[in-house]
Amino acid sequence: MRTARPLLPWIVWGTAAALYAVAIINRSSLSALGPAAQEHFGIDATTLATFPMIQLIVYAALQIPVGVLIDRVGATSMLLGGSILMVLGQVVMATVHNVELAILARVLVGAGDACTFISVMRLLPEWFALKQLPVVSQLTGLIGQAGQLVSVAPLALFVSLAGWTSGFLGLAAVGLLVTILGALVIRDRPGVGTFAERILGKTGKITRNARSLGGIHNTGTVEMAPPSTEMIPVMRPTRVRGLGFWDQARRLLRIPGVRLAYWVHFTSPFASNVFLLLWGTPFLVGGIGLSPAAAGGMLSLTVISSMFAGLVLGPISSRFLERRVWVNLGIVIGIVTAWVAVLVWPGTPPTWLLIVLLVVMPLGGPASMISFEVLRSHTPRSFTGFATGLVNTAGFTASLLVILLIGLVLDWQGAGSPEDYSLSAFRVAFAVQIPFWVLGIVMIIIEQRRTGRWMRENDRKLR
Ligand SMILES: NCCCC[C@H](N)C(=O)NCC(=O)O
């Protein structure tokens, strides 16, 4: 039973969330620096577009391996290791002029980024009560979003003032500072030493005092109940240790709640990822006919909307546990409706409709965090890293596929470059999202039913 309300969980979380915010700054560091990057490396727009794509592919491909490693070596080590990879990536980015090495830099950034979010998510249930988790998870997403804000105007300003090399070295230095802070502050769970303590072989007073906050891991007895849907008899940590990758995957995927979490994450965030990562500005400028400045203004709506939703959805999903998947589904249906209205509108969609789209679509990001709540309710702790990696792959795979398909459909219509963009070509191209939504919605409904049946059959209650 947790006995006190100490500050340490919040300090650990705050530091981990700062590492996540820096990861997001690194992730999107090229988003406002496209022209500067083209000039620095002497590359065309197509080569520039491969940078975020490669980064995303590396990110998505590493989710499951990183999740497995988190379960083996702990979230703190992976979080700090990821941060060091991003520091190295940005140092390479700062110092090379060669495009191949710049791609290597983006691979390092993508790999480091892949370690961050799921490590932070893995730390949370060790430090917070179940009831607090939805709010703390949403706050984590919100802080990441703040990182996104920094990576747009402030970073571009900094690089334009300090120059390319100093700008990226500055970013690497910030990364190194938060990594050092993380090594001094973050602990896998109460009672376990910080990274620095473990290296030095010493356990400080704060760590020793924090033991009383711990549950299952410190004493060997279950002081804090695991999620009530946990399959304790089959999946105790001691037995799991020897399981191979495929055995773990099979056992996880046999749990309907894990599959449900996967589809929730698959369905909700891809529309806004696709829009913000690549196709939003080309659509607003080349399709709708807005000026780049007006398009930028419209895009900033997405950040505000997503941050607001992050604040609201945490308490909602904590309060309405049984209905959280329906909340997610409602948001997805809202996104689909807004998009379909834009796609079928005769002529250029009016500004109010575009505003509705740009307010509703980004709700999918915070809504996707509900998948991690669902996951937590159904996954044994010893599998959480793996399961979080698996679920986090879903939305990013969908995003990558949709990004690629939109490009292909534009090319297929002969509208693949800015001078050939047209609203009608974008309409056809953005329609590739529809089968992804249909698949996701159908699978959510199927897995939600299976999960309900599984819970009734196993006499489980959702917590
Ligand atoms: N406030 C938006 C949070 C979106 C979270 C997103 N669905 C996600 O899974 N993010 C993973 C990451 O690495 O950022």
# chains A, B, ... in the order shown; residues from 1 in each chain; ligands from 1
$ residues_around --residues "region 104-120 of chain A" --least-positions-apart "4" --cutoff "7 Å" --atoms "only C-alpha atoms" --output "PyMOL selection string"
chain A and resi 16+20+23+26-27+51+54-56+58-59+62-63+66+70+75+78-79+82-83+85-86+89-90+92-93+100+124+385+388-389
$ residues_near_ligand --ligand "ligand 1" --cutoff "7 Å" --atoms "only C-alpha atoms and all ligand atoms" --output "list in words"
Ile24, Asp113, Ala114, Thr116, Phe117, Gln138, Gly141, Leu142, Gly144, Gln145, His265, Pro269, Ser306, Met307, Gly310, Gly365, Pro366, Ser368, Met369, Asn392 and Gly395 of chain A
$ atom_distance --atom1 "CA of Arg427 (chain A)" --atom2 "CA of Leu276 (chain A)"
17.0 Å
$ atom_distance --atom1 "CA of Leu19 (chain A)" --atom2 "CA of Ala36 (chain A)"
25.8 Å
$ select_by_dssp --residues "region 78-268 of chain A" --states "alpha helix (DSSP H)" --output "number ranges by chain"
A: 78-95, 99-127, 133-151, 153-162, 164-185, 195-200, 205-210, 216-219, 237-240, 245-253, 256-267
$ write_last_selection --atoms "C-alpha atoms" --output "compact mmCIF listing (two decimals), in the first residue's frame"
# COMPACT_ATOMS: atom_id res chain seq x y z
CA MET A 78 17.11 2.92 -21.87
CA LEU A 79 15.94 6.49 -21.35
CA LEU A 80 19.48 7.74 -20.71
CA GLY A 81 20.96 5.58 -23.47
CA GLY A 82 18.40 7.00 -25.90
CA SER A 83 19.22 10.52 -24.83
CA ILE A 84 22.95 9.94 -25.43
CA LEU A 85 22.19 8.58 -28.92
CA MET A 86 20.27 11.77 -29.71
CA VAL A 87 23.13 13.92 -28.38
CA LEU A 88 25.52 12.04 -30.68
CA GLY A 89 23.11 12.39 -33.59
CA GLN A 90 22.87 16.15 -33.13
CA VAL A 91 26.66 16.49 -32.78
CA VAL A 92 27.03 14.67 -36.12
CA MET A 93 24.28 16.86 -37.61
CA ALA A 94 26.14 19.96 -36.40
CA THR A 95 29.53 19.01 -37.73
CA VAL A 99 24.38 14.14 -46.76
CA GLU A 100 25.12 10.45 -46.05
CA LEU A 101 26.51 11.38 -42.64
CA ALA A 102 23.53 13.64 -42.06
CA ILE A 103 21.28 10.63 -42.69
CA LEU A 104 23.35 8.68 -40.15
CA ALA A 105 22.72 11.55 -37.74
CA ARG A 106 18.95 11.25 -38.27
CA VAL A 107 19.20 7.48 -37.72
CA LEU A 108 20.88 8.14 -34.37
CA VAL A 109 18.23 10.70 -33.46
CA GLY A 110 15.44 8.30 -34.50
CA ALA A 111 17.00 5.46 -32.49
CA GLY A 112 17.42 7.61 -29.40
CA ASP A 113 13.90 8.97 -29.76
CA ALA A 114 12.58 5.40 -30.00
CA CYS A 115 13.92 4.72 -26.50
CA THR A 116 12.33 7.73 -24.86
CA PHE A 117 8.53 7.74 -24.79
CA ILE A 118 8.03 4.08 -23.95
CA SER A 119 10.68 4.25 -21.20
CA VAL A 120 8.84 7.18 -19.63
CA MET A 121 5.53 5.31 -19.91
CA ARG A 122 7.17 2.28 -18.27
CA LEU A 123 8.29 4.39 -15.30
CA LEU A 124 4.88 5.83 -14.52
CA PRO A 125 3.10 2.81 -12.97
CA GLU A 126 6.08 2.31 -10.66
CA TRP A 127 5.67 5.77 -9.18
CA LEU A 133 -1.93 7.35 -14.31
CA PRO A 134 -4.28 8.69 -17.00
CA VAL A 135 -3.68 12.26 -15.86
CA VAL A 136 0.09 11.84 -15.51
CA SER A 137 0.28 10.12 -18.92
CA GLN A 138 -1.63 12.95 -20.58
CA LEU A 139 0.59 15.52 -18.82
CA THR A 140 3.60 13.67 -20.22
CA GLY A 141 2.15 13.99 -23.72
CA LEU A 142 1.47 17.67 -23.05
CA ILE A 143 5.07 18.34 -22.05
CA GLY A 144 6.19 16.56 -25.22
CA GLN A 145 3.91 18.89 -27.14
CA ALA A 146 5.68 21.85 -25.51
CA GLY A 147 8.91 20.42 -26.96
CA GLN A 148 7.24 20.55 -30.35
CA LEU A 149 6.54 24.25 -29.86
CA VAL A 150 10.21 24.91 -29.01
CA SER A 151 11.35 23.06 -32.10
CA ALA A 153 10.04 29.12 -34.02
CA PRO A 154 12.55 29.31 -31.10
CA LEU A 155 14.91 26.72 -32.57
CA ALA A 156 14.77 28.29 -36.02
CA LEU A 157 15.54 31.67 -34.43
CA PHE A 158 18.40 30.19 -32.40
CA VAL A 159 19.94 28.53 -35.48
CA SER A 160 19.54 31.67 -37.55
CA LEU A 161 21.35 33.69 -34.83
CA ALA A 162 24.00 31.19 -33.78
CA TRP A 164 23.96 25.80 -38.08
CA THR A 165 26.89 24.24 -36.18
CA SER A 166 26.46 26.19 -32.94
CA GLY A 167 22.68 25.77 -33.10
CA PHE A 168 22.85 21.98 -33.29
CA LEU A 169 25.74 21.78 -30.83
CA GLY A 170 23.60 23.88 -28.46
CA LEU A 171 20.79 21.37 -28.85
CA ALA A 172 23.22 18.53 -28.13
CA ALA A 173 24.45 20.38 -25.03
CA VAL A 174 20.88 20.75 -23.73
CA GLY A 175 20.42 17.03 -24.33
CA LEU A 176 23.59 16.22 -22.43
CA LEU A 177 22.54 18.40 -19.49
CA VAL A 178 19.15 16.71 -19.11
CA THR A 179 20.82 13.31 -19.49
CA ILE A 180 23.15 14.13 -16.58
CA LEU A 181 20.17 15.34 -14.56
CA GLY A 182 18.35 12.11 -15.43
CA ALA A 183 21.33 10.02 -14.31
CA LEU A 184 21.21 11.78 -10.93
CA VAL A 185 17.44 11.76 -10.42
CA PHE A 195 21.96 5.44 -12.72
CA ALA A 196 24.77 7.40 -11.05
CA GLU A 197 24.30 5.52 -7.76
CA ARG A 198 24.34 2.19 -9.54
CA ILE A 199 27.56 3.07 -11.38
CA LEU A 200 29.22 4.23 -8.15
CA LYS A 205 19.56 8.60 1.48
CA ILE A 206 16.78 9.66 -0.91
CA THR A 207 16.82 6.25 -2.56
CA ARG A 208 16.82 4.45 0.80
CA ASN A 209 13.97 6.57 2.11
CA ALA A 210 12.01 5.98 -1.08
CA ILE A 216 5.84 -5.42 -5.44
CA HIS A 217 9.47 -5.05 -6.43
CA ASN A 218 11.19 -4.16 -3.20
CA THR A 219 9.83 -6.68 -0.82
CA PRO A 237 8.01 -12.29 -13.62
CA THR A 238 10.17 -15.20 -12.46
CA ARG A 239 8.70 -17.51 -15.06
CA VAL A 240 8.71 -14.94 -17.81
CA PHE A 245 10.66 -13.07 -28.10
CA TRP A 246 7.98 -15.00 -30.00
CA ASP A 247 6.66 -16.67 -26.85
CA GLN A 248 6.31 -13.27 -25.24
CA ALA A 249 4.62 -11.86 -28.33
CA ARG A 250 2.23 -14.83 -28.55
CA ARG A 251 1.30 -14.59 -24.88
CA LEU A 252 0.74 -10.88 -25.11
CA LEU A 253 -1.33 -11.03 -28.25
CA PRO A 256 -7.73 -9.26 -26.03
CA GLY A 257 -7.08 -6.09 -24.01
CA VAL A 258 -3.58 -5.84 -25.53
CA ARG A 259 -5.00 -6.19 -29.03
CA LEU A 260 -7.62 -3.60 -28.17
CA ALA A 261 -4.88 -1.19 -27.05
CA TYR A 262 -3.05 -1.82 -30.33
CA TRP A 263 -6.05 -0.88 -32.47
CA VAL A 264 -6.87 2.16 -30.32
CA HIS A 265 -3.34 3.44 -30.96
CA PHE A 266 -3.48 2.47 -34.62
CA THR A 267 -6.67 4.37 -35.36
$ residues_around --residues "Thr203 (chain A)" --least-positions-apart "6" --cutoff "9 Å" --atoms "only C-alpha atoms" --output "ChimeraX atom specification"
/A:192-194,197
$ closest_residue --among "A:Ile445, A:Ile43, A:Val374, A:Leu410" --to "Leu321 (chain A)" --atoms "only C-alpha atoms"
A:Val374
$ atom_distance --atom1 "CA of Asp420 (chain A)" --atom2 "CA of Ala293 (chain A)"
20.5 Å
$ decode --residues "region 311-361 of chain A" --atoms "N, CA and C atoms" --output "CSV table (one decimal), in the first residue's frame"
chain,number,residue,atom,x,y,z
A,311,LEU,N,-5.2,18.0,-21.4
A,311,LEU,CA,-5.6,18.4,-20.1
A,311,LEU,C,-6.9,17.8,-19.7
A,312,VAL,N,-7.8,17.7,-20.7
A,312,VAL,CA,-9.2,17.3,-20.4
A,312,VAL,C,-9.3,15.7,-20.4
A,313,LEU,N,-8.6,15.1,-21.3
A,313,LEU,CA,-8.8,13.6,-21.5
A,313,LEU,C,-8.3,12.8,-20.3
A,314,GLY,N,-7.2,13.3,-19.6
A,314,GLY,CA,-6.7,12.5,-18.5
A,314,GLY,C,-7.8,12.3,-17.5
A,315,PRO,N,-8.3,13.3,-16.9
A,315,PRO,CA,-9.4,13.1,-15.9
A,315,PRO,C,-10.6,12.4,-16.4
A,316,ILE,N,-10.9,12.6,-17.7
A,316,ILE,CA,-12.1,11.9,-18.2
A,316,ILE,C,-11.8,10.4,-18.3
A,317,SER,N,-10.6,10.0,-18.8
A,317,SER,CA,-10.4,8.5,-18.9
A,317,SER,C,-10.2,7.9,-17.6
A,318,SER,N,-9.7,8.7,-16.6
A,318,SER,CA,-9.6,8.1,-15.2
A,318,SER,C,-11.0,8.0,-14.6
A,319,ARG,N,-11.9,8.9,-14.8
A,319,ARG,CA,-13.2,8.9,-14.2
A,319,ARG,C,-14.1,7.9,-14.9
A,320,PHE,N,-14.0,7.8,-16.2
A,320,PHE,CA,-14.9,6.9,-16.9
A,320,PHE,C,-14.2,5.7,-17.5
A,321,LEU,N,-13.6,5.0,-16.6
A,321,LEU,CA,-12.7,3.9,-17.0
A,321,LEU,C,-13.4,2.9,-18.0
A,322,GLU,N,-14.7,2.6,-17.7
A,322,GLU,CA,-15.4,1.6,-18.6
A,322,GLU,C,-15.6,2.2,-20.0
A,323,ARG,N,-15.7,3.5,-20.1
A,323,ARG,CA,-16.1,4.1,-21.3
A,323,ARG,C,-14.9,4.8,-22.1
A,324,ARG,N,-13.7,4.6,-21.6
A,324,ARG,CA,-12.6,5.3,-22.2
A,324,ARG,C,-12.4,5.0,-23.7
A,325,VAL,N,-12.7,3.7,-24.0
A,325,VAL,CA,-12.5,3.3,-25.4
A,325,VAL,C,-13.5,3.9,-26.3
A,326,TRP,N,-14.7,4.1,-25.7
A,326,TRP,CA,-15.8,4.8,-26.5
A,326,TRP,C,-15.5,6.3,-26.7
A,327,VAL,N,-14.8,6.9,-25.7
A,327,VAL,CA,-14.4,8.3,-25.8
A,327,VAL,C,-13.4,8.4,-27.0
A,328,ASN,N,-12.5,7.4,-27.0
A,328,ASN,CA,-11.5,7.4,-28.1
A,328,ASN,C,-12.2,7.2,-29.5
A,329,LEU,N,-13.2,6.3,-29.5
A,329,LEU,CA,-13.9,6.0,-30.7
A,329,LEU,C,-14.7,7.3,-31.2
A,330,GLY,N,-15.3,7.9,-30.2
A,330,GLY,CA,-16.0,9.2,-30.5
A,330,GLY,C,-15.1,10.2,-31.2
A,331,ILE,N,-13.9,10.3,-30.6
A,331,ILE,CA,-13.0,11.3,-31.2
A,331,ILE,C,-12.6,10.9,-32.6
A,332,VAL,N,-12.3,9.6,-32.8
A,332,VAL,CA,-12.0,9.1,-34.2
A,332,VAL,C,-13.1,9.4,-35.1
A,333,ILE,N,-14.3,9.2,-34.7
A,333,ILE,CA,-15.5,9.4,-35.6
A,333,ILE,C,-15.6,10.9,-35.9
A,334,GLY,N,-15.3,11.7,-34.9
A,334,GLY,CA,-15.2,13.2,-35.2
A,334,GLY,C,-14.2,13.5,-36.2
A,335,ILE,N,-13.0,12.9,-36.1
A,335,ILE,CA,-12.0,13.2,-37.1
A,335,ILE,C,-12.4,12.7,-38.5
A,336,VAL,N,-13.0,11.5,-38.6
A,336,VAL,CA,-13.4,11.0,-39.9
A,336,VAL,C,-14.5,11.9,-40.5
A,337,THR,N,-15.4,12.4,-39.6
A,337,THR,CA,-16.5,13.2,-40.1
A,337,THR,C,-15.9,14.5,-40.7
A,338,ALA,N,-15.0,15.1,-39.9
A,338,ALA,CA,-14.4,16.4,-40.4
A,338,ALA,C,-13.6,16.2,-41.7
A,339,TRP,N,-12.9,15.1,-41.8
A,339,TRP,CA,-12.1,14.9,-43.0
A,339,TRP,C,-13.0,14.6,-44.2
A,340,VAL,N,-14.1,13.8,-44.0
A,340,VAL,CA,-14.9,13.4,-45.1
A,340,VAL,C,-15.6,14.7,-45.6
A,341,ALA,N,-16.0,15.6,-44.6
A,341,ALA,CA,-16.7,16.8,-45.0
A,341,ALA,C,-15.7,17.6,-45.9
A,342,VAL,N,-14.5,17.7,-45.5
A,342,VAL,CA,-13.5,18.5,-46.4
A,342,VAL,C,-13.3,17.8,-47.7
A,343,LEU,N,-13.3,16.5,-47.7
A,343,LEU,CA,-13.0,15.7,-49.0
A,343,LEU,C,-14.2,15.9,-50.0
A,344,VAL,N,-15.4,15.9,-49.5
A,344,VAL,CA,-16.6,15.9,-50.4
A,344,VAL,C,-17.1,17.3,-50.6
A,345,TRP,N,-16.6,18.3,-49.9
A,345,TRP,CA,-17.2,19.7,-50.1
A,345,TRP,C,-17.0,20.1,-51.5
A,346,PRO,N,-18.2,20.6,-52.1
A,346,PRO,CA,-18.0,21.1,-53.5
A,346,PRO,C,-17.2,22.4,-53.6
A,347,GLY,N,-16.1,22.3,-54.3
A,347,GLY,CA,-15.3,23.5,-54.4
A,347,GLY,C,-14.3,23.6,-53.2
A,348,THR,N,-13.7,24.8,-53.0
A,348,THR,CA,-12.8,24.9,-51.9
A,348,THR,C,-13.5,24.9,-50.5
A,349,PRO,N,-13.1,24.1,-49.6
A,349,PRO,CA,-13.7,24.1,-48.3
A,349,PRO,C,-13.7,25.4,-47.6
A,350,PRO,N,-14.7,25.9,-47.0
A,350,PRO,CA,-14.7,27.2,-46.3
A,350,PRO,C,-13.7,27.2,-45.1
A,351,THR,N,-13.3,28.4,-44.7
A,351,THR,CA,-12.4,28.5,-43.6
A,351,THR,C,-12.9,27.9,-42.4
A,352,TRP,N,-14.2,28.0,-42.1
A,352,TRP,CA,-14.7,27.5,-40.8
A,352,TRP,C,-14.5,26.0,-40.8
A,353,LEU,N,-14.7,25.3,-42.0
A,353,LEU,CA,-14.6,23.9,-42.0
A,353,LEU,C,-13.1,23.4,-41.8
A,354,LEU,N,-12.2,24.2,-42.4
A,354,LEU,CA,-10.8,23.9,-42.2
A,354,LEU,C,-10.4,24.1,-40.7
A,355,ILE,N,-11.0,25.1,-40.1
A,355,ILE,CA,-10.7,25.3,-38.7
A,355,ILE,C,-11.3,24.1,-37.8
A,356,VAL,N,-12.5,23.7,-38.2
A,356,VAL,CA,-13.0,22.5,-37.5
A,356,VAL,C,-12.1,21.3,-37.6
A,357,LEU,N,-11.6,21.1,-38.9
A,357,LEU,CA,-10.7,20.0,-39.1
A,357,LEU,C,-9.4,20.1,-38.3
A,358,LEU,N,-8.9,21.4,-38.2
A,358,LEU,CA,-7.6,21.5,-37.5
A,358,LEU,C,-7.8,21.6,-36.0
A,359,VAL,N,-9.0,21.7,-35.5
A,359,VAL,CA,-9.2,21.6,-34.1
A,359,VAL,C,-9.5,20.1,-33.7
A,360,VAL,N,-10.3,19.5,-34.6
A,360,VAL,CA,-10.7,18.1,-34.2
A,360,VAL,C,-9.6,17.1,-34.5
A,361,MET,N,-8.9,17.2,-35.6
A,361,MET,CA,-8.0,16.2,-36.0
A,361,MET,C,-6.9,15.9,-35.0
